[in-house]
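Pasting input-v1.pdb here (PDB, C-alpha atoms):
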```
ATOM      1  CA  MET M   4      74.280  70.486 111.705
ATOM      2  CA  GLU M   5      75.055  70.218 115.407
ATOM      3  CA  GLY M   6      78.076  72.222 116.450
ATOM      4  CA  PHE M   7      78.505  73.998 113.106
ATOM      5  CA  ALA M   8      77.150  77.365 114.255
ATOM      6  CA  GLU M   9      79.376  77.419 117.341
ATOM      7  CA  LYS M  10      82.522  76.545 115.404
ATOM      8  CA  LEU M  11      81.710  79.097 112.691
ATOM      9  CA  ALA M  12      81.203  81.772 115.347
ATOM     10  CA  SER M  13      84.579  80.831 116.833
ATOM     11  CA  LYS M  14      86.208  81.120 113.396
ATOM     12  CA  LEU M  15      84.640  84.537 112.797
ATOM     13  CA  HIS M  16      85.844  85.628 116.221
ATOM     14  CA  HIS M  17      89.364  84.510 115.306
ATOM     15  CA  TYR M  18      89.286  86.793 112.249
ATOM     16  CA  SER M  19      88.020  89.760 114.285
ATOM     17  CA  VAL M  20      90.395  92.541 115.316
ATOM     18  CA  LEU M  21      91.542  91.436 118.784
ATOM     19  CA  PRO M  22      94.495  91.959 121.133
ATOM     20  CA  TRP M  23      97.143  89.652 119.676
ATOM     21  CA  ASN M  24      97.768  87.753 122.918
ATOM     22  CA  ASP M  25      94.113  87.509 124.017
ATOM     23  CA  ASP M  26      91.703  86.019 121.501
ATOM     24  CA  HIS M  27      88.817  86.596 123.879
ATOM     25  CA  GLY M  28      89.367  90.297 124.361
ATOM     26  CA  VAL M  29      87.817  93.212 122.545
ATOM     27  CA  VAL M  30      89.728  96.193 121.191
ATOM     28  CA  GLY M  31      88.138  99.369 122.524
ATOM     29  CA  THR M  32      87.463 102.118 120.013
ATOM     30  CA  LEU M  33      89.140 104.618 122.375
ATOM     31  CA  ASP M  34      92.278 102.523 122.828
ATOM     32  CA  PRO M  35      94.177 102.785 119.513
ATOM     33  CA  PHE M  36      97.543 101.716 120.960
ATOM     34  CA  VAL M  37      96.664  98.088 121.646
ATOM     35  CA  LEU M  38      98.777  95.677 119.598
ATOM     36  CA  THR M  39      96.139  93.729 117.684
ATOM     37  CA  ASN M  40      96.412  90.320 116.067
ATOM     38  CA  TYR M  41      96.494  91.844 112.564
ATOM     39  CA  THR M  42      99.061  94.475 113.556
ATOM     40  CA  PHE M  43     101.253  91.760 115.076
ATOM     41  CA  PHE M  44     101.449  89.847 111.791
ATOM     42  CA  LEU M  45     101.741  93.116 109.861
ATOM     43  CA  LEU M  46     104.872  93.926 111.868
ATOM     44  CA  ILE M  47     106.250  90.459 111.128
ATOM     45  CA  ALA M  48     105.629  91.058 107.415
ATOM     46  CA  SER M  49     107.376  94.439 107.675
ATOM     47  CA  VAL M  50     110.484  92.859 109.203
ATOM     48  CA  ILE M  51     110.535  90.052 106.621
ATOM     49  CA  THR M  52     110.141  92.554 103.772
ATOM     50  CA  LEU M  53     112.977  94.727 105.104
ATOM     51  CA  VAL M  54     115.300  91.759 105.622
ATOM     52  CA  LEU M  55     114.601  90.380 102.140
ATOM     53  CA  PHE M  56     115.185  93.804 100.557
ATOM     54  CA  LEU M  57     118.502  94.209 102.391
ATOM     55  CA  MET M  58     119.610  90.689 101.447
ATOM     56  CA  ALA M  59     118.594  91.234  97.808
ATOM     57  CA  ALA M  60     120.388  94.601  97.640
ATOM     58  CA  LYS M  61     123.590  93.014  98.941
ATOM     59  CA  ARG M  62     123.450  90.167  96.417
ATOM     60  CA  ILE M  63     122.630  92.440  93.467
ATOM     61  CA  ALA M  64     125.509  94.760  94.346
ATOM     62  CA  LEU M  65     127.917  91.890  93.669
ATOM     63  CA  VAL M  66     127.257  89.093  91.170
ATOM     64  CA  PRO M  67     123.523  88.228  91.185
ATOM     65  CA  LYS M  68     122.956  84.710  92.434
ATOM     66  CA  GLY M  69     120.386  82.921  94.548
ATOM     67  CA  ILE M  70     118.052  85.483  96.075
ATOM     68  CA  GLY M  71     119.835  88.144  94.014
ATOM     69  CA  ASN M  72     118.600  86.546  90.791
ATOM     70  CA  ILE M  73     115.070  86.329  92.178
ATOM     71  CA  ALA M  74     115.201  89.958  93.321
ATOM     72  CA  GLU M  75     116.524  91.114  89.964
ATOM     73  CA  ALA M  76     113.782  89.227  88.107
ATOM     74  CA  GLY M  77     111.163  90.672  90.469
ATOM     75  CA  TYR M  78     112.447  94.208  89.986
ATOM     76  CA  GLU M  79     112.501  93.819  86.206
ATOM     77  CA  PHE M  80     108.912  92.570  86.332
ATOM     78  CA  ILE M  81     107.785  95.605  88.354
ATOM     79  CA  ARG M  82     109.859  98.024  86.266
ATOM     80  CA  ASN M  83     108.335  96.737  83.021
ATOM     81  CA  LEU M  84     104.857  96.997  84.548
ATOM     82  CA  CYS M  85     105.533 100.619  85.511
ATOM     83  CA  VAL M  86     106.979 101.593  82.140
ATOM     84  CA  ASP M  87     104.068  99.952  80.307
ATOM     85  CA  ASN M  88     101.515 101.948  82.309
ATOM     86  CA  MET M  89     103.374 105.218  82.940
ATOM     87  CA  GLY M  90     105.784 105.572  80.045
ATOM     88  CA  LYS M  91     109.503 106.234  80.501
ATOM     89  CA  GLU M  92     108.829 108.107  83.757
ATOM     90  CA  GLY M  93     107.587 104.844  85.251
ATOM     91  CA  ALA M  94     111.128 103.585  85.909
ATOM     92  CA  LYS M  95     111.583 106.253  88.619
ATOM     93  CA  LEU M  96     108.449 105.069  90.395
ATOM     94  CA  ALA M  97     109.283 101.346  90.197
ATOM     95  CA  PRO M  98     110.727 101.291  93.770
ATOM     96  CA  PHE M  99     107.435 102.647  95.157
ATOM     97  CA  ILE M 100     105.273 100.192  93.212
ATOM     98  CA  GLY M 101     107.697  97.352  93.969
ATOM     99  CA  THR M 102     107.575  98.045  97.704
ATOM    100  CA  LEU M 103     103.769  97.972  97.617
ATOM    101  CA  PHE M 104     103.702  94.761  95.595
ATOM    102  CA  PHE M 105     106.171  92.762  97.698
ATOM    103  CA  PHE M 106     104.878  94.058 101.031
ATOM    104  CA  ILE M 107     101.303  93.111 100.125
ATOM    105  CA  LEU M 108     102.472  89.765  98.736
ATOM    106  CA  ILE M 109     104.401  88.886 101.909
ATOM    107  CA  ASN M 110     101.397  89.832 104.058
ATOM    108  CA  ASN M 111      99.168  87.627 101.896
ATOM    109  CA  VAL M 112     101.589  84.700 102.062
ATOM    110  CA  ILE M 113     101.825  84.956 105.861
ATOM    111  CA  GLY M 114      98.039  84.579 105.906
ATOM    112  CA  LEU M 115      98.468  81.154 104.285
ATOM    113  CA  ILE M 116     100.181  79.820 107.419
ATOM    114  CA  PRO M 117      97.676  77.989 109.651
ATOM    115  CA  GLY M 118      96.920  80.101 112.709
ATOM    116  CA  ALA M 119      98.424  83.269 111.212
ATOM    117  CA  LEU M 120      96.509  86.268 109.879
ATOM    118  CA  PRO M 121      97.332  88.412 106.840
ATOM    119  CA  GLY M 122      97.783  92.109 107.555
ATOM    120  CA  THR M 123      95.729  92.610 104.410
ATOM    121  CA  GLY M 124      92.772  90.922 106.120
ATOM    122  CA  SER M 125      92.049  94.143 108.016
ATOM    123  CA  ILE M 126      90.167  96.935 106.251
ATOM    124  CA  GLY M 127      92.103  99.511 108.282
ATOM    125  CA  VAL M 128      95.387  98.345 106.745
ATOM    126  CA  THR M 129      94.198  98.181 103.136
ATOM    127  CA  ALA M 130      92.363 101.510 103.472
ATOM    128  CA  THR M 131      95.560 103.166 104.721
ATOM    129  CA  TRP M 132      97.499 101.928 101.698
ATOM    130  CA  ALA M 133      94.709 102.948  99.330
ATOM    131  CA  VAL M 134      94.570 106.484 100.763
ATOM    132  CA  MET M 135      98.359 106.710 100.525
ATOM    133  CA  VAL M 136      98.201 105.739  96.832
ATOM    134  CA  PHE M 137      95.391 108.273  96.297
ATOM    135  CA  ILE M 138      97.486 111.071  97.820
ATOM    136  CA  VAL M 139     100.618 110.098  95.870
ATOM    137  CA  TYR M 140      99.097 109.968  92.395
ATOM    138  CA  ASN M 141      97.078 113.155  92.890
ATOM    139  CA  ALA M 142     100.177 114.960  94.138
ATOM    140  CA  ILE M 143     102.023 113.745  91.029
ATOM    141  CA  GLY M 144      99.139 114.886  88.825
ATOM    142  CA  PHE M 145      99.043 118.400  90.318
ATOM    143  CA  LYS M 146     102.831 118.733  90.202
ATOM    144  CA  LYS M 147     103.135 117.558  86.590
ATOM    145  CA  ASN M 148     100.121 119.365  85.092
ATOM    146  CA  GLY M 149      99.400 122.236  87.444
ATOM    147  CA  VAL M 150      96.157 122.688  89.369
ATOM    148  CA  ILE M 151      94.093 123.913  86.405
ATOM    149  CA  GLY M 152      95.608 121.445  83.952
ATOM    150  CA  TYR M 153      94.985 118.479  86.244
ATOM    151  CA  LEU M 154      91.426 119.480  87.115
ATOM    152  CA  LYS M 155      90.721 120.097  83.436
ATOM    153  CA  SER M 156      91.538 116.447  82.727
ATOM    154  CA  PHE M 157      88.387 115.458  84.615
ATOM    155  CA  ILE M 158      86.447 116.675  81.577
ATOM    156  CA  PRO M 159      87.197 114.432  78.541
ATOM    157  CA  SER M 160      88.810 116.138  75.560
ATOM    158  CA  GLY M 161      85.783 115.284  73.419
ATOM    159  CA  VAL M 162      83.548 117.383  75.672
ATOM    160  CA  ARG M 163      86.088 120.225  75.843
ATOM    161  CA  GLU M 164      86.169 120.383  72.045
ATOM    162  CA  MET M 165      82.390 120.771  71.747
ATOM    163  CA  GLY M 166      80.726 124.075  71.096
ATOM    164  CA  PRO M 167      79.844 126.442  73.962
ATOM    165  CA  LEU M 168      76.433 124.815  74.512
ATOM    166  CA  GLY M 169      77.907 121.314  74.856
ATOM    167  CA  ARG M 170      80.755 122.468  77.112
ATOM    168  CA  PHE M 171      78.489 124.334  79.515
ATOM    169  CA  THR M 172      75.748 121.680  79.666
ATOM    170  CA  LEU M 173      77.704 118.415  79.597
ATOM    171  CA  GLY M 174      80.954 119.713  81.070
ATOM    172  CA  PRO M 175      79.826 120.241  84.706
ATOM    173  CA  PHE M 176      77.856 116.972  84.717
ATOM    174  CA  ILE M 177      80.792 114.927  83.377
ATOM    175  CA  PHE M 178      83.163 116.712  85.777
ATOM    176  CA  ILE M 179      81.032 115.740  88.801
ATOM    177  CA  LEU M 180      80.827 112.104  87.633
ATOM    178  CA  GLU M 181      84.579 111.951  87.106
ATOM    179  CA  VAL M 182      85.301 113.464  90.527
ATOM    180  CA  VAL M 183      82.938 111.005  92.246
ATOM    181  CA  GLY M 184      84.563 108.069  90.412
ATOM    182  CA  HIS M 185      87.984 109.492  91.286
ATOM    183  CA  PHE M 186      87.228 109.505  95.006
ATOM    184  CA  LEU M 187      85.813 105.969  94.824
ATOM    185  CA  ARG M 188      89.169 104.602  93.689
ATOM    186  CA  PRO M 189      90.704 104.272  97.181
ATOM    187  CA  LEU M 190      87.514 102.588  98.388
ATOM    188  CA  THR M 191      87.615  99.982  95.626
ATOM    189  CA  LEU M 192      91.361  99.432  96.120
ATOM    190  CA  ALA M 193      90.907  98.874  99.849
ATOM    191  CA  VAL M 194      87.776  96.719  99.739
ATOM    192  CA  ARG M 195      88.977  94.493  96.875
ATOM    193  CA  LEU M 196      92.161  93.458  98.684
ATOM    194  CA  TYR M 197      90.558  93.188 102.123
ATOM    195  CA  ALA M 198      87.503  91.227 100.981
ATOM    196  CA  ASN M 199      89.526  88.653  99.049
ATOM    197  CA  MET M 200      91.953  87.971 101.890
ATOM    198  CA  PHE M 201      89.338  87.974 104.654
ATOM    199  CA  ALA M 202      86.843  85.821 102.743
ATOM    200  CA  GLY M 203      89.552  83.323 101.785
ATOM    201  CA  GLY M 204      90.309  82.597 105.426
ATOM    202  CA  ILE M 205      86.628  82.209 106.295
ATOM    203  CA  ILE M 206      86.024  79.774 103.418
ATOM    204  CA  LEU M 207      89.001  77.644 104.450
ATOM    205  CA  GLY M 208      87.654  77.651 107.980
ATOM    206  CA  ILE M 209      84.218  76.451 106.850
ATOM    207  CA  PHE M 210      85.624  73.428 105.024
ATOM    208  CA  GLY M 211      87.895  72.723 107.979
ATOM    209  CA  ILE M 212      84.780  72.635 110.172
ATOM    210  CA  PHE M 213      83.209  70.116 107.773
ATOM    211  CA  MET M 214      86.238  67.859 108.245
ATOM    212  CA  ILE M 215      86.123  68.121 112.038
ATOM    213  CA  LEU M 216      82.387  67.467 112.265
ATOM    214  CA  GLY M 217      82.593  64.677 109.671
ATOM    215  CA  ALA M 218      85.235  62.888 111.738
ATOM    216  CA  LYS M 219      82.741  62.773 114.610
ATOM    217  CA  GLN M 220      80.017  61.165 112.481
ATOM    218  CA  LEU M 221      79.647  57.441 111.997
ATOM    219  CA  GLY M 222      79.208  55.561 108.736
ATOM    220  CA  ALA M 223      78.904  56.893 105.200
ATOM    221  CA  LEU M 224      77.817  60.385 106.279
ATOM    222  CA  GLY M 225      80.977  60.915 108.294
ATOM    223  CA  ILE M 226      83.232  59.601 105.524
ATOM    224  CA  THR M 227      81.463  61.758 102.939
ATOM    225  CA  MET M 228      81.669  64.919 105.042
ATOM    226  CA  THR M 229      85.325  64.354 105.889
ATOM    227  CA  GLY M 230      86.276  63.542 102.301
ATOM    228  CA  PHE M 231      84.338  66.490 100.901
ATOM    229  CA  GLY M 232      85.810  68.862 103.469
ATOM    230  CA  PHE M 233      89.366  67.664 102.809
ATOM    231  CA  LEU M 234      88.993  67.861  99.011
ATOM    232  CA  MET M 235      87.542  71.373  99.091
ATOM    233  CA  LEU M 236      90.148  72.448 101.643
ATOM    234  CA  VAL M 237      92.959  71.393  99.287
ATOM    235  CA  ILE M 238      91.292  73.060  96.285
ATOM    236  CA  MET M 239      90.536  76.290  98.128
ATOM    237  CA  TYR M 240      93.998  76.417  99.676
ATOM    238  CA  GLY M 241      95.521  76.202  96.204
ATOM    239  CA  PHE M 242      93.125  78.911  95.033
ATOM    240  CA  LYS M 243      94.071  81.085  98.009
ATOM    241  CA  VAL M 244      97.751  80.791  97.068
ATOM    242  CA  PHE M 245      96.834  82.068  93.600
ATOM    243  CA  VAL M 246      94.718  84.887  95.090
ATOM    244  CA  ALA M 247      97.615  85.926  97.353
ATOM    245  CA  PHE M 248      99.745  86.622  94.278
ATOM    246  CA  ILE M 249      97.041  88.012  92.014
ATOM    247  CA  GLN M 250      95.737  90.511  94.588
ATOM    248  CA  ALA M 251      99.227  91.930  95.131
ATOM    249  CA  TYR M 252      99.574  92.226  91.351
ATOM    250  CA  VAL M 253      96.152  93.868  90.935
ATOM    251  CA  PHE M 254      96.926  96.447  93.629
ATOM    252  CA  ALA M 255     100.289  97.218  92.018
ATOM    253  CA  ILE M 256      98.998  97.454  88.455
ATOM    254  CA  LEU M 257      96.024  99.647  89.414
ATOM    255  CA  THR M 258      98.364 101.950  91.314
ATOM    256  CA  SER M 259     100.622 102.220  88.272
ATOM    257  CA  VAL M 260      97.616 102.882  86.014
ATOM    258  CA  TYR M 261      96.356 105.651  88.320
ATOM    259  CA  ILE M 262      99.806 107.269  88.479
ATOM    260  CA  GLY M 263     100.161 106.937  84.706
ATOM    261  CA  GLY M 264      96.816 108.663  84.241
ATOM    262  CA  ALA M 265      97.923 111.488  86.540
ATOM    263  CA  LEU M 266     101.270 111.879  84.740
ATOM    264  CA  HIS M 267      99.606 112.135  81.343
ATOM    265  CA  ALA M 268      96.435 113.953  82.420
ATOM    266  CA  SER M 269      97.061 116.760  79.922
ATOM    267  CA  GLU M 270      96.795 114.240  77.064
ATOM    268  CA  HIS M 271      93.277 113.126  78.024
TER     269      HIS M 271
END
```
Conversion result in structure tokens:
Amino acid sequence: MEGFAEKLASKLHHYSVLPWNDDHGVVGTLDPFVLTNYTFFLLIASVITLVLFLMAAKRIALVPKGIGNIAEAGYEFIRNLCVDNMGKEGAKLAPFIGTLFFFILINNVIGLIPGALPGTGSIGVTATWAVMVFIVYNAIGFKKNGVIGYLKSFIPSGVREMGPLGRFTLGPFIFILEVVGHFLRPLTLAVRLYANMFAGGIILGIFGIFMILGAKQLGALGITMTGFGFLMLVIMYGFKVFVAFIQAYVFAILTSVYIGGALHASEH
């Protein structure tokens, strides 16, 4: 299809990490202080998140109404999620999980605005959050269970209760597998969020290209291409709205599950 490759290349370039005010530039690997397009929208999301939190705190302090009611419902949702996955100790960690959830959600929603980019569409951003979560829940695990107690949880209780032969043959093998899986968690957290947000923008762009190229065609082919592109654009946009919410929820619930596992490692 004439012109498709060029427009797709332009769309991919738009979703590359670039200086925010120069879509034709390239960020040098030795120049980490350049304000990129993703960082620009990430900062916007940070300001929006802070403002909303301050507004919600002010409303909740008095009689909840308007945004206060929404904030209270959101906090109760996160608190229940934390308690379900961490036990009674989860209530203390609800502010941390809630901040992650709403910050990721606001970044995702910003990405729904035509021309804007979600901070979560950059692997550097999602990897940073994933590593932060990894450090937090391991620190909690070591503090709650001690070094030996936490490391011991990497060997399932069923293996630890075996006879000497089973413990010394299966134990090291299971321990290595568990450690490898443990260190893969931040990778899966980062890639899952990044891939969904980045791919969503590319897919919307592809159907938008179909509409543009279809409008340039004459006759039935042009009408078909334009209609198909518009229909799929509407469907995929609705799906992307759903993904924006579900990916924030998945990140939050996995974080709470990992922290819950670290808190109760001695029971495993």
Interatomic distance (Å, one decimal) between atom CA of M:Thr227 and atom CA of M:Met214 |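 Atom CA of M:Thr227 sits 9.4 Å away from atom CA of M:Met214.
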Distance of atom CA of M:Ile256 from atom CA of M:Ala202, expressed in Å to one decimal place =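 So the two atoms, atom CA of M:Ala202 and atom CA of M:Ile256, lie 22.1 Å apart.
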Run through the PyMOL selection byres ((chain M and resi 46-51) around 9) on the given coordinates and return the selected residues as a list in words.
->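 Applied to this file, the PyMOL selection byres ((chain M and resi 46-51) around 9) selects Tyr41, Thr42, Phe43, Phe44, Leu45, Thr52, Leu53, Val54, Leu55, Phe56, Phe106, Ile107, Ile109, Asn110, Ile113, Pro121 and Gly122 of chain M.
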Convert the current residue selection to file output with C-alpha atoms, as a PDB file, in the frame of the given file.
```pdb
ATOM      1  CA  TYR M  41      96.494  91.844 112.564  1.00  0.00           C
ATOM      2  CA  THR M  42      99.061  94.475 113.556  1.00  0.00           C
ATOM      3  CA  PHE M  43     101.253  91.760 115.076  1.00  0.00           C
ATOM      4  CA  PHE M  44     101.449  89.847 111.791  1.00  0.00           C
ATOM      5  CA  LEU M  45     101.741  93.116 109.861  1.00  0.00           C
ATOM      6  CA  THR M  52     110.141  92.554 103.772  1.00  0.00           C
ATOM      7  CA  LEU M  53     112.977  94.727 105.104  1.00  0.00           C
ATOM      8  CA  VAL M  54     115.300  91.759 105.622  1.00  0.00           C
ATOM      9  CA  LEU M  55     114.601  90.380 102.140  1.00  0.00           C
ATOM     10  CA  PHE M  56     115.185  93.804 100.557  1.00  0.00           C
ATOM     11  CA  PHE M 106     104.878  94.058 101.031  1.00  0.00           C
ATOM     12  CA  ILE M 107     101.303  93.111 100.125  1.00  0.00           C
ATOM     13  CA  ILE M 109     104.401  88.886 101.909  1.00  0.00           C
ATOM     14  CA  ASN M 110     101.397  89.832 104.058  1.00  0.00           C
ATOM     15  CA  ILE M 113     101.825  84.956 105.861  1.00  0.00           C
ATOM     16  CA  PRO M 121      97.332  88.412 106.840  1.00  0.00           C
ATOM     17  CA  GLY M 122      97.783  92.109 107.555  1.00  0.00           C
TER      18      GLY M 122
END
```
Which neighbours of M:Met200 fall inside 12 Å, counting all atoms listed in the file, when residues of the same chain fewer than 4 positions from it are skipped, and could you give them as a PyMOL selection string?
-> chain M and resi 18+107-108+110-115+120-126+128-129+193-196+204-207+240+242-251
In terms of all atoms listed in the file, the residue from M:Leu57, M:Met228, M:Leu187, M:Ala265 at minimal distance from M:Met89 is M:Ala265
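Taking atom CA of M:Leu21 and atom CA of M:Asn40 as the two end points, the separation is 5.7 Å.
Shortest atom-to-atom contact with M:Asn72 among M:Val253, M:Ile177, M:Leu154, M:Ala59: M:Ala59, counting all atoms listed in the file.
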Given the file shown, determine the residues that the PyMOL selection byres ((chain M and resi 229) around 7) selects; report them as a count of residues only.
-> 12
Selection near M:Val162, 8 Å with all atoms listed in the file, sequence-local residues under 5 positions removed, as an NGL selection string | :M and (169-170 or 173-174)
From the set M:Ala130, M:Leu192, M:Val139, M:Val150, which residue has the shortest atom-to-atom contact distance to M:Phe99, counting all atoms listed in the file?
->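 So, comparing all the options, the nearest one is M:Val139.
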Could you add the missing atoms to stretch 244-253 of chain M, up to all heavy atoms, and return them as a PDB file, in the frame of the given file?
```
ATOM      1  N   VAL M 244      96.366  80.490  97.440  1.00  0.00           N
ATOM      2  CA  VAL M 244      97.751  80.791  97.068  1.00  0.00           C
ATOM      3  C   VAL M 244      97.765  81.663  95.809  1.00  0.00           C
ATOM      4  O   VAL M 244      98.488  82.671  95.728  1.00  0.00           O
ATOM      5  CB  VAL M 244      98.552  79.501  96.829  1.00  0.00           C
ATOM      6  CG1 VAL M 244      99.927  79.818  96.250  1.00  0.00           C
ATOM      7  CG2 VAL M 244      98.689  78.711  98.122  1.00  0.00           C
ATOM      8  N   PHE M 245      96.937  81.286  94.839  1.00  0.00           N
ATOM      9  CA  PHE M 245      96.834  82.068  93.600  1.00  0.00           C
ATOM     10  C   PHE M 245      96.329  83.476  93.902  1.00  0.00           C
ATOM     11  O   PHE M 245      96.858  84.463  93.375  1.00  0.00           O
ATOM     12  CB  PHE M 245      95.881  81.352  92.634  1.00  0.00           C
ATOM     13  CG  PHE M 245      95.503  82.154  91.426  1.00  0.00           C
ATOM     14  CD1 PHE M 245      96.401  82.348  90.388  1.00  0.00           C
ATOM     15  CD2 PHE M 245      94.246  82.740  91.333  1.00  0.00           C
ATOM     16  CE1 PHE M 245      96.056  83.095  89.273  1.00  0.00           C
ATOM     17  CE2 PHE M 245      93.888  83.479  90.219  1.00  0.00           C
ATOM     18  CZ  PHE M 245      94.802  83.661  89.193  1.00  0.00           C
ATOM     19  N   VAL M 246      95.302  83.590  94.747  1.00  0.00           N
ATOM     20  CA  VAL M 246      94.718  84.887  95.090  1.00  0.00           C
ATOM     21  C   VAL M 246      95.745  85.765  95.801  1.00  0.00           C
ATOM     22  O   VAL M 246      95.783  86.984  95.592  1.00  0.00           O
ATOM     23  CB  VAL M 246      93.460  84.707  95.966  1.00  0.00           C
ATOM     24  CG1 VAL M 246      92.995  86.040  96.554  1.00  0.00           C
ATOM     25  CG2 VAL M 246      92.331  84.097  95.141  1.00  0.00           C
ATOM     26  N   ALA M 247      96.592  85.166  96.641  1.00  0.00           N
ATOM     27  CA  ALA M 247      97.615  85.926  97.353  1.00  0.00           C
ATOM     28  C   ALA M 247      98.522  86.667  96.374  1.00  0.00           C
ATOM     29  O   ALA M 247      98.885  87.831  96.597  1.00  0.00           O
ATOM     30  CB  ALA M 247      98.445  84.991  98.241  1.00  0.00           C
ATOM     31  N   PHE M 248      98.889  85.991  95.293  1.00  0.00           N
ATOM     32  CA  PHE M 248      99.745  86.622  94.278  1.00  0.00           C
ATOM     33  C   PHE M 248      98.967  87.593  93.411  1.00  0.00           C
ATOM     34  O   PHE M 248      99.417  88.707  93.140  1.00  0.00           O
ATOM     35  CB  PHE M 248     100.406  85.540  93.403  1.00  0.00           C
ATOM     36  CG  PHE M 248     101.556  84.856  94.061  1.00  0.00           C
ATOM     37  CD1 PHE M 248     101.362  83.759  94.887  1.00  0.00           C
ATOM     38  CD2 PHE M 248     102.855  85.311  93.872  1.00  0.00           C
ATOM     39  CE1 PHE M 248     102.430  83.132  95.521  1.00  0.00           C
ATOM     40  CE2 PHE M 248     103.941  84.687  94.486  1.00  0.00           C
ATOM     41  CZ  PHE M 248     103.715  83.587  95.320  1.00  0.00           C
ATOM     42  N   ILE M 249      97.793  87.194  92.965  1.00  0.00           N
ATOM     43  CA  ILE M 249      97.041  88.012  92.014  1.00  0.00           C
ATOM     44  C   ILE M 249      96.558  89.307  92.642  1.00  0.00           C
ATOM     45  O   ILE M 249      96.510  90.356  91.991  1.00  0.00           O
ATOM     46  CB  ILE M 249      95.859  87.215  91.401  1.00  0.00           C
ATOM     47  CG1 ILE M 249      95.424  87.844  90.072  1.00  0.00           C
ATOM     48  CG2 ILE M 249      94.689  87.139  92.345  1.00  0.00           C
ATOM     49  CD1 ILE M 249      96.426  87.782  88.970  1.00  0.00           C
ATOM     50  N   GLN M 250      96.209  89.285  93.939  1.00  0.00           N
ATOM     51  CA  GLN M 250      95.737  90.511  94.588  1.00  0.00           C
ATOM     52  C   GLN M 250      96.874  91.513  94.783  1.00  0.00           C
ATOM     53  O   GLN M 250      96.664  92.730  94.683  1.00  0.00           O
ATOM     54  CB  GLN M 250      95.063  90.184  95.919  1.00  0.00           C
ATOM     55  CG  GLN M 250      93.690  89.568  95.772  1.00  0.00           C
ATOM     56  CD  GLN M 250      92.737  90.436  94.962  1.00  0.00           C
ATOM     57  OE1 GLN M 250      92.663  91.653  95.140  1.00  0.00           O
ATOM     58  NE2 GLN M 250      92.003  89.813  94.055  1.00  0.00           N
ATOM     59  N   ALA M 251      98.072  91.033  95.056  1.00  0.00           N
ATOM     60  CA  ALA M 251      99.227  91.930  95.131  1.00  0.00           C
ATOM     61  C   ALA M 251      99.494  92.548  93.764  1.00  0.00           C
ATOM     62  O   ALA M 251      99.781  93.750  93.649  1.00  0.00           O
ATOM     63  CB  ALA M 251     100.458  91.169  95.620  1.00  0.00           C
ATOM     64  N   TYR M 252      99.362  91.734  92.715  1.00  0.00           N
ATOM     65  CA  TYR M 252      99.574  92.226  91.351  1.00  0.00           C
ATOM     66  C   TYR M 252      98.505  93.242  90.959  1.00  0.00           C
ATOM     67  O   TYR M 252      98.823  94.292  90.370  1.00  0.00           O
ATOM     68  CB  TYR M 252      99.571  91.041  90.385  1.00  0.00           C
ATOM     69  CG  TYR M 252      99.638  91.441  88.930  1.00  0.00           C
ATOM     70  CD1 TYR M 252     100.825  91.921  88.375  1.00  0.00           C
ATOM     71  CD2 TYR M 252      98.509  91.350  88.109  1.00  0.00           C
ATOM     72  CE1 TYR M 252     100.894  92.293  87.048  1.00  0.00           C
ATOM     73  CE2 TYR M 252      98.575  91.718  86.775  1.00  0.00           C
ATOM     74  CZ  TYR M 252      99.757  92.192  86.250  1.00  0.00           C
ATOM     75  OH  TYR M 252      99.813  92.567  84.939  1.00  0.00           O
ATOM     76  N   VAL M 253      97.255  92.956  91.286  1.00  0.00           N
ATOM     77  CA  VAL M 253      96.152  93.868  90.935  1.00  0.00           C
ATOM     78  C   VAL M 253      96.340  95.216  91.628  1.00  0.00           C
ATOM     79  O   VAL M 253      96.157  96.274  91.013  1.00  0.00           O
ATOM     80  CB  VAL M 253      94.787  93.243  91.316  1.00  0.00           C
ATOM     81  CG1 VAL M 253      93.679  94.284  91.248  1.00  0.00           C
ATOM     82  CG2 VAL M 253      94.464  92.079  90.391  1.00  0.00           C
TER      83      VAL M 253
END
```
